[in-house]
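Step one of this worksheet: look at the structure below.
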Amino acid sequence: MASLTLKKNYRCVPSLEQFYTGGPFAVSSDGSFIACACDESIRIVDSSNASIRSTIDSDSEAHTALALSPDDKLLFSAGHSHQIRVWDLSTLNNVRSWKGHNSPVMAMTCHVSGGLLATTGADGNVFVWDVDGGFCTHSFKGHKGVVSSIMFHPDPDKLLFFSGGADATVRVWDLLTKECLATFRKHESAVTSMAISEDGWILLTAGRDKVVNLWDLHDYCFKKTVLTYEVLEAVCTIHSGSPFASSLAIFSQRSGKKASSSSEIHFITVGERGIVRIWNSERAVCLFEQKSSDITDSSDMDRGFTSAVMLPFDQGLLCVTADQQFLFYSPVEQPEEMFKLILSRRLVGYNEEIVDMKFLGEEEQFLAVATNLEQVRVYDLTAMSCSYVLAGHTETVLCLDTCVSSSGRTLIVTGSKDNNVRLWESESRCCVGVGVGHMGAVGAVAFSKKQKNFFVSGSSDRTLKVWSLDGLLDGVEQPLNLKAKAVVAAHDKDINCLAVAPNDSLVCSGSQDRTACIWRLPDLVSVVVLKGHKRGIWSVEFSPVEQCVITASGDKTIKIWSISDGSCLKTFEGHTSSVLRASFLTRGTQFVSCGADGLVKLWTVKTNECIATYDKHEDKVWALAIGKKTEMLATGGSDAVINLWYDCTSDDKEEAFRKEEEGVLKGQELENAVSDADYTRAIQIAFELRRPHKLFELFAELFRKREAENQMDKALNAIGKGEFRLLFEYVREWNTKPKLCHVAQFVLFRVFNILPPTEIIEIKGIGELLEGLIPYSHRHFSRIDRHVRSTFLLDYTLTGMSVIEPENNAKETEEDESLMHSDVKDMDDMILTENFDSEQKQTSEEPKVSSKKRKSKKSKESSSKKVKGVAYTKVDAISLQA
């Protein structure tokens with residue numbers, strides 16, 4: 001058997017996180033991205049895969065209106081602070097802002113030219129602003145309530161502006177004369193949406209009075225009313241040449257209907273029912289209506305559509321739901337006469353709290369997620385979008401499990417607060433079985449691991465049930481009633497978790513009563529009770545190879561138990577709060593855990609060591625899923641974020657080997673540069689290798705050389721701008737040591753000479769670095785100042801001792817020295833040439849007298865050299881006479 005390679009590290013890839021919490025949004029002109037309001041920030045989201053391109057953080061206020069410029073370069077936002085802000089999407093900077101209304105801004109739209117921005121507030125006023133100047137160009141007043149919908153005419157040649165409000169009126173304004181041209185009063189309730197026909201002469205208005213009114217803009221007269229029998233939130237016109245128009249034309253031809261006239265307008269309406277309908281204006285009839293809504297129906301909450309937008313470039317229709325979902329619809333041609341609308345993509349803006357999830361399918365490319373909703377969302381991990389939704393429970397889904405049956409069918413089982421369990425088939429996306437019988441919320445379910453012919457459920461009614469999958473047929477129209485093969489009262493409190501052994505012989509249950517029990521299948525006979533935890537048990541799992549069970553508890557510990565005698569084999573401590581999930585990895589030699597502290601930890605069983613800790617969640621991590629093939633991880637929790645993790649152990653090993661190899665080559669290149677005295681190149685390589693000691697040696701070598709300033713400047717100029725922060729860190733460390741401070745100060749001086757102050761202050765973290773440099777620099781300069789002052793005392797002492805002569809008598813001293821040297825020379829000549837008689841004695845005395853005479857004429861402040869010279873002369877004379 002091949003040896004196992006332990007996992008050392010996991011890498012978190014782009015995650016599924018919340019990007020829309022309801023309210024305003026704006027779609028780009030090419031449909032490639034959507035700007036969404038998310039709590040107190042704005043998220044720029046890729047419309048293809050829901051990935052977040054960027055985030056704009058505002059001043060802690062919820063946004064009430066968003067709009068994009070026609071070229072998608074500027075984003076306009078407004079919130080409860082009444083400020084209108086303009087953001088540059090390339091830099092994410094706020095380029096300008098101004099106060100717009102005295103009340104919250106309810107809607108805004110930009111003119112097709114990009115030069116004008118219209119806003120409306122809760123006070124019923126409509127203002128038009130100059131985008132570049134930020135000043136008001138138009139003020140339209142007349143509505144008696146909140147203005148809910150505003151729109152510029154899409155034709156730049158028609159300078160018209162439309163506004164619809166809660167007073168059930170629609171007003172047409174002239175942008176040139178700034179006057180109200182017409183007021184339309186056919187609505188009985190608030191006007192929610194407006195649209196213009198393709199030719200630009202028909203205005204369509206929709207409201208909560210369940211009608212669409214058509215108005216002629218030639219003479220501003222009422223034309224027609226289309227009854228929709230639904231509270232409408234949006235109306236969109238279909239232009240010729242679009243996929244909707246071509247599909248409708250084919251549908252009309254096959255159905256034998258006459259060709260549409262030029263005056264006909266096809267439009268789409270969406271509203272409270274959550275379905276898309278297409279209408280014909282001439283006949284005032286509905287041409288197409290969805291048979292069922294793609295939004296889960298709920299008895300206690302209205303979850304219909306809140307808005308709709310026709311996307312450009314044949315991308316279809318975008319509908320936004322009340323539960324923060326973006327649904328993308330596209331028409332398809334059918335061989336039959338039916339017109340069909342398919343849901344091509346679903347982006348979920350907010351998942352709420354994630355309570356459980358599992359990988360789905362043979363290739364594990366799907367992820368089934370249970371949130372605080374009564375539906376299960378299945379995500380396609382390749383497109384990072386919600387593939388489909390399983391709806392049927394009437395209360396929140398608490399748990400789920402998945403498996404691939406022996407017949408190849410992908411099954412999902414879910415447990416809910418409605419006390420029922422439901423069995424789903426992934427291919428047909430429908431419920432195939434319902435299990436009724438629990439008297440409390442079903443908090444745990446687990447499929448058979450080997451035979452795949454049963455599953456087990458645990459409930460807050462403290463019982464376990466074994467449900468049989470026998471008798472399930474393909475293509476059932478109505479879900480079958482599942483039968484329970486065995487029931488047992490298992491615990492004294494709620495059952496939180498279940499796990500079935502790999503050979504289907506045992507099942508383990510964990511409960512809030514702080515115990516885990518192992519039962520023998522299929523009759524649920526008690527085998528052993530695992531006691532030792534001090535809090536409730538949140539997760540249990542069998543080892544894939546050993547006769548042991550792992551449990552995670554609210555007492556912050558993880559324990560591994562022996563199945564044979566129920567003894568605790570190992571205890572793992574490290575989490576700072578309740579451990580909510582723990583699952584085995586690497587054939588039972590490792591496991592991963594997550595908890596209420598928001599941490600994900602990777603452990604090795606043999607060494608009891610936590611080898612990696614990941615902090616990618618901001619709240620409790622309730623859900624953990626592990627892929628059986630790739631052992632990829634998925635985690636989710638209270639922060640509504642799903643993180644996907646991939647094993648990067650081999651990648652890290654290859655990267656470390658590559659870096660080591662590059663380091664060896666760079667090291668040799670560094671030595672070559674040092675031997676060639678190419679200090680500029682050597683310093684560059686030392687920076688790349690992050691070798692501060694070698695870097696100091698190079699700077700010290702330059703410090704000792706002539707013309708050190710020029711060479712140092714040359715070397716520092718070759719350093720990248722991003723390296724100067726690292727250099728300041730090194731200099732800060734060198735500056736703390738007296739032996740190294742001279743080089744540090746020299747480098748610092750040259751850096752300040754090269755870089756202007758404007759560039760220095762732009763270095764990230766420069767303030768903290770300078771705070772570390774200043775105190776030690778003061779200390780070094782104070783020490784040098786004390787040494788300089790001490791040298792003055794030494795000079796004074798030596799001068800007083802006649803060891804050195806003052807600078808002001810330097811010239812006189814030089815003359816005395818030259819004169820004395822000539823006297824000494826004459827005296828020596830006289831001594832060598834005279835005889836040893838009495839006359840020699842007299843001759844030898846004359847120089848002494850003359851010397852004394854010269855000596856008396858000289859200054860008392862003679863140098864030390866003159867004094868030594870005279871003494872030496874006297875000694876020589878005595879010795880020679882002797």
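Every chain in the structure tokens has a letter given in the order shown (A, B, ...), and although residue numbers restart at 1 in each chain, ligands are simply numbered from 1 in the order shown.
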
Using only C-alpha atoms, which residues sit within 6 Å of segment 233-235 of chain A once same-chain residues fewer than 5 positions away are excluded, as a PDB file with N, CA, C and O atoms, in the first residue's frame?
ATOM      1  N   THR A 192     -45.266  52.390 -10.444  1.00  0.00           N
ATOM      2  CA  THR A 192     -44.017  51.732 -10.049  1.00  0.00           C
ATOM      3  C   THR A 192     -42.987  51.661 -11.156  1.00  0.00           C
ATOM      4  O   THR A 192     -41.792  51.539 -10.878  1.00  0.00           O
ATOM      5  N   SER A 193     -43.406  51.705 -12.428  1.00  0.00           N
ATOM      6  CA  SER A 193     -42.441  51.536 -13.506  1.00  0.00           C
ATOM      7  C   SER A 193     -42.963  52.202 -14.774  1.00  0.00           C
ATOM      8  O   SER A 193     -44.181  52.332 -14.975  1.00  0.00           O
ATOM      9  N   ILE A 268     -43.210  43.195 -21.417  1.00  0.00           N
ATOM     10  CA  ILE A 268     -43.103  42.190 -20.359  1.00  0.00           C
ATOM     11  C   ILE A 268     -43.491  42.833 -19.042  1.00  0.00           C
ATOM     12  O   ILE A 268     -43.120  43.974 -18.755  1.00  0.00           O
ATOM     13  N   THR A 269     -44.234  42.102 -18.221  1.00  0.00           N
ATOM     14  CA  THR A 269     -44.591  42.582 -16.887  1.00  0.00           C
ATOM     15  C   THR A 269     -44.189  41.539 -15.841  1.00  0.00           C
ATOM     16  O   THR A 269     -44.274  40.330 -16.093  1.00  0.00           O
ATOM     17  N   VAL A 270     -43.763  42.029 -14.687  1.00  0.00           N
ATOM     18  CA  VAL A 270     -43.460  41.165 -13.538  1.00  0.00           C
ATOM     19  C   VAL A 270     -44.023  41.841 -12.301  1.00  0.00           C
ATOM     20  O   VAL A 270     -44.158  43.068 -12.254  1.00  0.00           O
ATOM     21  N   GLY A 271     -44.333  41.030 -11.296  1.00  0.00           N
ATOM     22  CA  GLY A 271     -44.926  41.594 -10.097  1.00  0.00           C
ATOM     23  C   GLY A 271     -44.984  40.615  -8.960  1.00  0.00           C
ATOM     24  O   GLY A 271     -44.100  39.760  -8.800  1.00  0.00           O
ATOM     25  N   THR A 306     -39.414  42.252  -7.647  1.00  0.00           N
ATOM     26  CA  THR A 306     -39.410  43.663  -7.264  1.00  0.00           C
ATOM     27  C   THR A 306     -38.955  44.565  -8.396  1.00  0.00           C
ATOM     28  O   THR A 306     -39.203  45.770  -8.362  1.00  0.00           O
ATOM     29  N   SER A 307     -38.314  43.991  -9.430  1.00  0.00           N
ATOM     30  CA  SER A 307     -37.825  44.807 -10.542  1.00  0.00           C
ATOM     31  C   SER A 307     -37.460  43.892 -11.699  1.00  0.00           C
ATOM     32  O   SER A 307     -37.287  42.674 -11.526  1.00  0.00           O
ATOM     33  N   ALA A 308     -37.341  44.487 -12.897  1.00  0.00           N
ATOM     34  CA  ALA A 308     -36.934  43.749 -14.090  1.00  0.00           C
ATOM     35  C   ALA A 308     -36.233  44.705 -15.044  1.00  0.00           C
ATOM     36  O   ALA A 308     -36.580  45.889 -15.128  1.00  0.00           O
TER      37      ALA A 308
END

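Excluding Cys319 of chain A itself and any same-chain residue fewer than 2 positions from it, the protein and nucleic acid residues within 7 Å of it, counting only C-alpha atoms, are Phe305, Ser307, Ala308, Val309, Leu317, Thr321, Phe326, Leu327 and Phe328 of chain A.
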
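Between Val126 of chain A and the residues A:Ser149, A:Thr410, A:Ser113, A:Thr557, the shortest atom-to-atom distance, using only C-alpha atoms, involves A:Ser149.
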
Between atom CA of Gln668 of chain A and atom CA of Ala715 of chain A, measure the distance and give it in Å to one decimal. 19.3 Å

Tell me which protein, DNA and RNA residues are within 7 Å of segment 561-563 of chain A, counting only C-alpha atoms, leaving out same-chain ones fewer than 5 positions away, and put them as a list of chain:residue names. A:Gln547, A:Cys548, A:Val549, A:Ile550, A:Cys568, A:Leu569
